[in-house]
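Below: the structure, in structure tokens.
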Protein chains: 2
Amino acid sequence: MSSQDNGQVYGRVALIGLGLIASSMFWAMKRAGLAGEVTGYARSQETRETARQIGLCDRVCDSAQEAVKDADLVVLCVPVGAMGPVMKDIAPVLKPGATVSDVGSVKRHVIDAVQPHIPEGVHFVPAHPLAGTEHSGPESGFAELFDNRWSLLVPVEGTDSQAVEQLRKLWEGMGANVDVMDADHHDLVLAVTSHTPHLIAYTMVGVADDLRRVTDSEVIKYSAAGFRDFTRIAASDPTMWRDVFLTNKDATLEILGRFTEELFALQRAIRTGDGEHLHDYFTRTRAIRRGIIEAGQDTDAPDFGRGQKK
Amino acid sequence: MSSQDNGQVYGRVALIGLGLIASSMFWAMKRAGLAGEVTGYARSQETRETARQIGLCDRVCDSAQEAVKDADLVVLCVPVGAMGPVMKDIAPVLKPGATVSDVGSVKRHVIDAVQPHIPEGVHFVPAHPLAGTEHSGPESGFAELFDNRWSLLVPVEGTDSQAVEQLRKLWEGMGANVDVMDADHHDLVLAVTSHTPHLIAYTMVGVADDLRRVTDSEVIKYSAAGFRDFTRIAASDPTMWRDVFLTNKDATLEILGRFTEELFALQRAIRTGDGEHLHDYFTRTRAIRRGIIEAGQDTDAPDFGRGQKK
């Protein structure tokens, strides 16, 4: 069966881990007919049963080894800290010539954990789709998640370029734009655009929760005034984020250091009443927002979290 | 003319300052027929001309004094730092029995700046609608801005209760839910739910902008992964926010102190590899998010900033 004739990019794809990203990948692959058969595996029996009930994956298997058998592409969609052990488990049964990829938010650590287990003749092309919602689990996925979002491919040295191109085709077929990036640079860029913002949002929500003189119900009722966006970020999957911070430690700590330095400068401006410093700073940050709207990564339409479900 | 017969709450309303909040109030009052005539004034001639072109206000005046003449309600919609001078200017021409209100994000400072200029026989009922977008200026307003949002009334001691009830009716007519709150408590609650989150978002966007090894275009391209929500917050009006921080200094500095304390604890957990601490913290913050969705202050539908324009 040629994969060129009908839009198929891979004959068989195995998704290991069935959360938000894997389930969205399944629906996105189905939407465009990118894979002949998609198998799936999740460690929890409950997740596997849910997947079977909602038709997530053509076949849900009771072991990772069963799921990856004869697969042309295996995508590891488990938390970053679990990638190594899962890879070690499936390595012996991988089909020669298959490609292994992943969707982890950290790339250097995943490469260090997975690469040593990749058998001779199997390709390894790490990837990271920059898309997500505050929801997790097999029922949270939807086909449009990756539309017009970026997916970063982070191939290791000596990777077969055809394997990279095939994976690129899959991601583009799922609606994403694809860039190729070095692992260390990826981890720094993500520390800035994702990891540190998440940590800060978690912290701010935790502060509000702690504060005795402001009741929980007040925090919740009056959240529209800025705080709500933080709670959306801080509702993401705890296990995934724990692993991100533990495995992208250096870049996150570096950006956090810069963040507190700047925060202290603004704090001093507030304390000393330096309005000019504050005004200049706030004016500068507006320009970045305009850039994001112009780059098509957001809309300037007011929605206030009331956007309609697709 | 009785205001009971036709839904009117005030015969004549004057809006001083014609930005996002004032322009949304105008359209919301028109939508429900809450005011007989609405006059408006803005300091900048350009803003007044824009207002005239788009039909914002029944009559745009070239001085604040002219706008407030014979008004039953005057709403100060200028940055917090400008409230005192504006009030001093209009005080001599206010109609006896009129109500003066405002929409400032800080209440203790506004009360201290405005109250001394309120003439005998004029009511003063400070207010603060918890609604906004990243946009500002006379063209940014729309009638639905306050729908199902909270507007807080912060009456000073001895305020005529009928004046408070009339203003409550106006805000409810514009779609808002109304609560009454003490000024100092208001300023603390807002420091938690709005002011500190804004400062943090500004800071994080500034850090990204500074970082030499990550280019601007990368920050912008890959912003979907959390950072985008920060840029939306950090795009708000610089003058408004400068005044907020300068005038709600004590509460903001207190919450900032708690924030950095908690951030340092999480930073230490990352540095020492304390995954349990991180996981527990991230699990706790999820509950607050659920509360916000249940309270109807947000939706759990995925929208990713792609919400449709109304």
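Here's how to read the names in the structure tokens: chain A, B, ... by the order shown, residue numbers from 1 in each chain, ligand numbers from 1 in the order shown.
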Problem set entry | Spatial neighbours of range 130-143 of chain B, max dist 9 Å, only C-alpha atoms, sep filter under 5 positions, as a PyMOL selection string | (chain A and resi 222-226+300+302-304) or (chain B and resi 17-31+47-48+50-51+54+56+105+149-152+174-175+232-237)
Problem set entry | Long-range neighbours of Gly273 in chain B as an MDAnalysis selection string, 10 Å cut-off, only C-alpha atoms, 3 positions minimum in chain | (chainID A and resid 242:243 245:247 249) or (chainID B and resid 267:270 276:278)
Problem set entry | Separation of CA of Gly55 in chain A from CA of Met240 in chain A, in Å and rounded to one decimal | 24.5 Å
Exercise. Contacts of Pro197 in chain A at 10 Å or less, counting only C-alpha atoms, minus same-chain residues fewer than 3 places along, as a list in words?
Worked result: Leu190, Ala191, Val192, Thr193, Ser194, Ile200, Ala201, Tyr202, Thr203, Phe230, Ile233, Ala234, Thr252, Ile255, Leu256 and Phe259 of chain A; Ile200, Ala201, Met204, Val205, Ala225, Gly226, Phe227, Arg228, Asp229 and Phe230 of chain B
For this session: For CA of His198 in chain A and CA of Asp209 in chain B, determine how far apart the two atoms are, in Å to one decimal place.
Result: 17.5 Å
For this session: Mind listing the helix (DSSP H, G or I) residues of range 13-158 of chain A, per DSSP on the backbone, as a PyMOL selection string?
Result: chain A and resi 20-32+45-54+64-68+80-93+108-117+138-140
As a PDB file with N, CA and C atoms, in the first residue's frame, please: every residue in range 114-287 of chain A that a backbone DSSP assignment puts in strand (DSSP E).
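Output contents, as saved in selection-v6.pdb:
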```
ATOM      1  N   HIS A 123      14.398   4.945  13.845  1.00  0.00           N
ATOM      2  CA  HIS A 123      14.667   6.386  13.853  1.00  0.00           C
ATOM      3  C   HIS A 123      14.056   7.043  15.082  1.00  0.00           C
ATOM      4  N   PHE A 124      14.711   8.063  15.567  1.00  0.00           N
ATOM      5  CA  PHE A 124      14.180   8.803  16.717  1.00  0.00           C
ATOM      6  C   PHE A 124      14.095  10.272  16.335  1.00  0.00           C
ATOM      7  N   ALA A 127       9.692  15.523  19.132  1.00  0.00           N
ATOM      8  CA  ALA A 127       8.837  16.619  18.663  1.00  0.00           C
ATOM      9  C   ALA A 127       8.113  17.248  19.849  1.00  0.00           C
ATOM     10  N   HIS A 128       7.589  18.437  19.622  1.00  0.00           N
ATOM     11  CA  HIS A 128       6.836  19.121  20.673  1.00  0.00           C
ATOM     12  C   HIS A 128       5.802  20.051  20.048  1.00  0.00           C
ATOM     13  N   PRO A 129       4.538  19.648  20.056  1.00  0.00           N
ATOM     14  CA  PRO A 129       3.488  20.541  19.569  1.00  0.00           C
ATOM     15  C   PRO A 129       3.159  21.596  20.618  1.00  0.00           C
ATOM     16  N   TRP A 150       2.211  25.788  16.284  1.00  0.00           N
ATOM     17  CA  TRP A 150       3.525  25.312  15.903  1.00  0.00           C
ATOM     18  C   TRP A 150       3.799  23.938  16.487  1.00  0.00           C
ATOM     19  N   SER A 151       4.441  23.099  15.694  1.00  0.00           N
ATOM     20  CA  SER A 151       4.996  21.868  16.232  1.00  0.00           C
ATOM     21  C   SER A 151       6.491  21.895  15.932  1.00  0.00           C
ATOM     22  N   LEU A 152       7.294  21.733  16.976  1.00  0.00           N
ATOM     23  CA  LEU A 152       8.746  21.832  16.813  1.00  0.00           C
ATOM     24  C   LEU A 152       9.340  20.439  16.723  1.00  0.00           C
ATOM     25  N   LEU A 153      10.113  20.187  15.660  1.00  0.00           N
ATOM     26  CA  LEU A 153      10.849  18.930  15.543  1.00  0.00           C
ATOM     27  C   LEU A 153      12.279  19.182  16.011  1.00  0.00           C
ATOM     28  N   ASN A 177       1.969  24.174  11.891  1.00  0.00           N
ATOM     29  CA  ASN A 177       3.152  24.679  11.210  1.00  0.00           C
ATOM     30  C   ASN A 177       4.347  24.003  11.867  1.00  0.00           C
ATOM     31  N   VAL A 178       5.354  23.670  11.101  1.00  0.00           N
ATOM     32  CA  VAL A 178       6.479  22.914  11.644  1.00  0.00           C
ATOM     33  C   VAL A 178       7.782  23.713  11.551  1.00  0.00           C
ATOM     34  N   ASP A 179       8.515  23.747  12.644  1.00  0.00           N
ATOM     35  CA  ASP A 179       9.868  24.295  12.660  1.00  0.00           C
ATOM     36  C   ASP A 179      10.818  23.233  13.201  1.00  0.00           C
ATOM     37  N   VAL A 180      12.075  23.332  12.795  1.00  0.00           N
ATOM     38  CA  VAL A 180      13.093  22.427  13.322  1.00  0.00           C
ATOM     39  C   VAL A 180      13.997  23.240  14.243  1.00  0.00           C
TER      40      VAL A 180
END
```
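Minimum atom-to-atom distances from B:Ser161, B:Gln166, B:Thr99, B:Asn248 to chain A were compared using only C-alpha atoms, and the lowest value belongs to B:Asn248.
The coordinates place CA of Gly275 in chain B at 26.9 Å from CA of Thr196 in chain B.
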For this session: Would you mind listing what lies within 8 Å of Ala91 in chain B as number ranges by chain, with only C-alpha atoms counted and same-chain residues fewer than 2 positions away left out?
Result: B: 87-89, 93-94, 117-119
Problem set entry | Non-local contacts of Ala14 in chain B (7 Å; only C-alpha atoms; under 5 positions in same chain excluded) as JSON, numbers by chain | {"B": [38, 39, 40, 67, 68, 71, 73, 74, 75]}
Keeping only N, CA and C atoms, write the selected residues to a file as a PDB file, in the first residue's frame.
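That gives us again-v1.pdb:
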```pdb
ATOM      1  N   VAL B  38     -27.111  61.371  27.419  1.00  0.00           N
ATOM      2  CA  VAL B  38     -25.761  61.115  27.914  1.00  0.00           C
ATOM      3  C   VAL B  38     -24.808  62.110  27.261  1.00  0.00           C
ATOM      4  N   THR B  39     -24.163  62.916  28.091  1.00  0.00           N
ATOM      5  CA  THR B  39     -23.147  63.824  27.577  1.00  0.00           C
ATOM      6  C   THR B  39     -21.770  63.232  27.843  1.00  0.00           C
ATOM      7  N   GLY B  40     -20.781  63.692  27.108  1.00  0.00           N
ATOM      8  CA  GLY B  40     -19.439  63.162  27.309  1.00  0.00           C
ATOM      9  C   GLY B  40     -18.385  64.224  27.133  1.00  0.00           C
ATOM     10  N   ALA B  67     -20.199  69.531  30.227  1.00  0.00           N
ATOM     11  CA  ALA B  67     -20.768  68.180  30.169  1.00  0.00           C
ATOM     12  C   ALA B  67     -21.592  67.849  31.413  1.00  0.00           C
ATOM     13  N   VAL B  68     -21.143  68.307  32.581  1.00  0.00           N
ATOM     14  CA  VAL B  68     -21.827  67.912  33.822  1.00  0.00           C
ATOM     15  C   VAL B  68     -23.010  68.804  34.163  1.00  0.00           C
ATOM     16  N   ALA B  71     -26.539  67.502  34.977  1.00  0.00           N
ATOM     17  CA  ALA B  71     -26.499  66.034  34.987  1.00  0.00           C
ATOM     18  C   ALA B  71     -26.985  65.507  36.332  1.00  0.00           C
ATOM     19  N   LEU B  73     -26.355  62.271  37.058  1.00  0.00           N
ATOM     20  CA  LEU B  73     -25.247  61.386  37.429  1.00  0.00           C
ATOM     21  C   LEU B  73     -24.015  61.798  36.636  1.00  0.00           C
ATOM     22  N   VAL B  74     -22.910  61.965  37.347  1.00  0.00           N
ATOM     23  CA  VAL B  74     -21.623  62.245  36.699  1.00  0.00           C
ATOM     24  C   VAL B  74     -20.702  61.076  37.012  1.00  0.00           C
ATOM     25  N   VAL B  75     -20.155  60.446  35.966  1.00  0.00           N
ATOM     26  CA  VAL B  75     -19.245  59.320  36.198  1.00  0.00           C
ATOM     27  C   VAL B  75     -17.846  59.699  35.743  1.00  0.00           C
TER      28      VAL B  75
END
```
For this session: Tell me, as a ChimeraX atom specification, which residues lie within 9 Å of Asp216 in chain A, counting only C-alpha atoms; anything in the same chain fewer than 6 positions away does not count.
Result: /A:208-210 /B:288,291
Exercise. Between A:Tyr41, A:Pro126, A:Glu262, A:Tyr281, which has the minimum distance to Val103 in chain A (counting only C-alpha atoms)?
Worked result: A:Pro126
Problem set entry | Neighbour list for Glu37 in chain B as a VMD selection string, cut-off 7 Å, only C-alpha atoms, skip fewer than 2 positions in-chain | chain B and resid 11 to 13 35 39 58
Produce a file of the selected residues containing N, CA and C atoms, as an mmCIF file, in the first residue's frame.
```cif
data_model
loop_
_atom_site.group_PDB
_atom_site.id
_atom_site.type_symbol
_atom_site.label_atom_id
_atom_site.label_comp_id
_atom_site.auth_asym_id
_atom_site.auth_seq_id
_atom_site.Cartn_x
_atom_site.Cartn_y
_atom_site.Cartn_z
ATOM 1 N N GLY B 11 -32.145 60.915 34.386
ATOM 2 C CA GLY B 11 -32.531 61.769 33.268
ATOM 3 C C GLY B 11 -31.325 62.119 32.408
ATOM 4 N N ARG B 12 -30.256 62.632 33.053
ATOM 5 C CA ARG B 12 -29.062 62.998 32.289
ATOM 6 C C ARG B 12 -27.804 62.433 32.972
ATOM 7 N N VAL B 13 -26.983 61.798 32.173
ATOM 8 C CA VAL B 13 -25.734 61.218 32.677
ATOM 9 C C VAL B 13 -24.559 61.870 31.952
ATOM 10 N N ALA B 35 -30.836 55.995 30.384
ATOM 11 C CA ALA B 35 -30.595 57.427 30.584
ATOM 12 C C ALA B 35 -31.311 58.242 29.519
ATOM 13 N N THR B 39 -24.163 62.916 28.091
ATOM 14 C CA THR B 39 -23.147 63.824 27.577
ATOM 15 C C THR B 39 -21.770 63.232 27.843
ATOM 16 N N ASP B 58 -24.707 61.273 23.337
ATOM 17 C CA ASP B 58 -25.711 62.056 22.625
ATOM 18 C C ASP B 58 -25.156 63.443 22.307
#
```
